[in-house]
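Novice: I'd like to ask you about the structure that follows.
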Amino acid sequence: MELSLNAGDLDVESLVKEIRNEVAKKRQEGVYSDARIGRAERHNLMYMADSEELLRFYLNCLRDGVHVDINDYQIEDRRTGWQGKFLVKTKTIIWKLLKFYTFRMWHQQNQINGLMVTAIESSFQQYEKKIAKLEERLAKLEGGDSQ
């Protein structure tokens with residue numbers, strides 16, 4: 001079996017350029033900052049061109065996904081009739097019992113997660129300032145040698 005595709009006058013370079021421009025535009029607009037996208041793309045993050053860009057993107061994803069979701073959700077079952085209604089009712093009761101039991105733990109975990117993200121962001125900002133000062137000092141020293 002032989003398979004051939006005829007793309008005609010398809011300009012691959014312009015197509016790739018258009019895709020990259022669109023991705024860059026969406027990244028700048030914050031479309032890709034959702035924590036779910038961060039999880040889905042965690043393997044591709046290492047291929048970002050700039051490690052500083054990667055770190056900023058990762059910190060944004062971390063900030064967006066820091067809290068454990070403790071909200072209620074719609075409990076459904078695909079079965080119909082009395083079995084489905086019974087299972088939905090049973091699952092609802094179990095969920096409420098679990099939520100009552102684990103709410104305090106979730107709350108504490110959210111506090112810890114928030115503090116950790118704040119600590120990481122603060123460290124990142126401090127190191128950015130420190131690096132900027134060192135680069136400025138290095139530029140002055142290099143400038144002094146050339147005179």
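Letters A, B, ... mark the chains of the structure tokens in the order given; residue numbers begin at 1 per chain; ligand numbers begin at 1, in order shown.
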Stretch 117-127 of chain A: which residues within 8 Å, counting only C-alpha atoms, same-chain residues fewer than 6 positions away excluded, as a ChimeraX atom specification?

Specialist: /A:59,62-63,66

Novice: Those same residues, written as a PDB file, in the first residue's frame with N, CA, C and O atoms?

Specialist:
```pdb
ATOM      1  N   LEU A  59       5.793  29.860  37.483  1.00  0.00           N
ATOM      2  CA  LEU A  59       5.321  30.540  38.694  1.00  0.00           C
ATOM      3  C   LEU A  59       3.862  30.977  38.543  1.00  0.00           C
ATOM      4  O   LEU A  59       3.086  30.873  39.500  1.00  0.00           O
ATOM      5  N   LEU A  62       1.803  27.881  38.890  1.00  0.00           N
ATOM      6  CA  LEU A  62       1.813  27.470  40.291  1.00  0.00           C
ATOM      7  C   LEU A  62       0.879  28.346  41.114  1.00  0.00           C
ATOM      8  O   LEU A  62       0.103  27.842  41.930  1.00  0.00           O
ATOM      9  N   ARG A  63       0.907  29.655  40.875  1.00  0.00           N
ATOM     10  CA  ARG A  63       0.035  30.574  41.604  1.00  0.00           C
ATOM     11  C   ARG A  63      -1.432  30.289  41.300  1.00  0.00           C
ATOM     12  O   ARG A  63      -2.281  30.343  42.185  1.00  0.00           O
ATOM     13  N   VAL A  66      -2.561  26.752  43.057  1.00  0.00           N
ATOM     14  CA  VAL A  66      -2.065  26.517  44.407  1.00  0.00           C
ATOM     15  C   VAL A  66      -3.123  25.961  45.361  1.00  0.00           C
ATOM     16  O   VAL A  66      -2.808  25.204  46.265  1.00  0.00           O
TER      17      VAL A  66
END
```

Novice: Using only C-alpha atoms, determine which residues lie at most 9 Å from A:Ile75, disregarding the query and same-chain residues fewer than 6 positions distant; provide the list as a ChimeraX atom specification.

Specialist: /A:88-89,91-92

Novice: Using the selection just defined, write its residues with all heavy atoms as an mmCIF file, in the first residue's frame.

Specialist:
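To be explicit, this is the file written out as again.cif:
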```cif
data_model
loop_
_atom_site.group_PDB
_atom_site.id
_atom_site.type_symbol
_atom_site.label_atom_id
_atom_site.label_comp_id
_atom_site.auth_asym_id
_atom_site.auth_seq_id
_atom_site.Cartn_x
_atom_site.Cartn_y
_atom_site.Cartn_z
ATOM 1 N N VAL A 88 -26.747 8.174 43.333
ATOM 2 C CA VAL A 88 -26.478 9.607 43.430
ATOM 3 C C VAL A 88 -26.711 10.080 44.860
ATOM 4 O O VAL A 88 -25.896 10.828 45.413
ATOM 5 C CB VAL A 88 -27.354 10.404 42.432
ATOM 6 C CG1 VAL A 88 -27.317 11.897 42.736
ATOM 7 C CG2 VAL A 88 -26.892 10.150 41.006
ATOM 8 N N LYS A 89 -27.782 9.645 45.462
ATOM 9 C CA LYS A 89 -28.085 10.030 46.849
ATOM 10 C C LYS A 89 -27.003 9.515 47.806
ATOM 11 O O LYS A 89 -26.523 10.243 48.682
ATOM 12 C CB LYS A 89 -29.462 9.473 47.259
ATOM 13 C CG LYS A 89 -29.982 10.010 48.538
ATOM 14 C CD LYS A 89 -30.331 11.467 48.375
ATOM 15 C CE LYS A 89 -31.087 11.951 49.592
ATOM 16 N NZ LYS A 89 -31.212 13.394 49.612
ATOM 17 N N LYS A 91 -23.850 8.666 47.058
ATOM 18 C CA LYS A 91 -22.592 9.382 46.801
ATOM 19 C C LYS A 91 -22.639 10.801 47.372
ATOM 20 O O LYS A 91 -21.627 11.298 47.878
ATOM 21 C CB LYS A 91 -22.308 9.430 45.303
ATOM 22 C CG LYS A 91 -21.918 8.094 44.707
ATOM 23 C CD LYS A 91 -21.738 8.218 43.201
ATOM 24 C CE LYS A 91 -21.444 6.896 42.544
ATOM 25 N NZ LYS A 91 -21.261 7.023 41.083
ATOM 26 N N THR A 92 -23.792 11.437 47.306
ATOM 27 C CA THR A 92 -23.942 12.785 47.860
ATOM 28 C C THR A 92 -23.739 12.771 49.372
ATOM 29 O O THR A 92 -23.053 13.635 49.924
ATOM 30 C CB THR A 92 -25.330 13.368 47.508
ATOM 31 O OG1 THR A 92 -25.486 13.366 46.086
ATOM 32 C CG2 THR A 92 -25.494 14.779 48.030
#
```

Novice: Atom CA of A:Asn113 to atom CA of A:Gly65: how many Å, to one decimal?

Specialist: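 Computing it gives 9.4 Å between the two atoms.
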
Novice: Given the choices A:Ile93, A:Phe103, A:Glu128, A:Ser14, which gets closest to A:Leu55 if the distance is worked out from only C-alpha atoms?

Specialist: A:Glu128

Novice: Choose the residue, out of A:Ile112, A:Ile94, A:Ala139, A:Leu87, that has the smallest atom-to-atom separation from A:Val68; count only C-alpha atoms.

Specialist: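 The shortest atom-to-atom distance to A:Val68 comes from A:Ile112.
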
Novice: If you count only C-alpha atoms, which residues fall within 9 Å of A:His67, apart from same-chain ones fewer than 3 positions away, as a PyMOL selection string?

Specialist: chain A and resi 63-64+70+106-107+109-111+113-114

Novice: DSSP on the backbone: which residues in stretch 51-141 of chain A end up as alpha helix (DSSP H)? Give the answer as a PyMOL selection string.

Specialist: chain A and resi 51-64+81-141

Novice: One decimal, in Å: what's the spacing between atom CA of A:Gln74 and atom CA of A:Leu97?

Specialist: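 These two atoms are separated by 15.7 Å.
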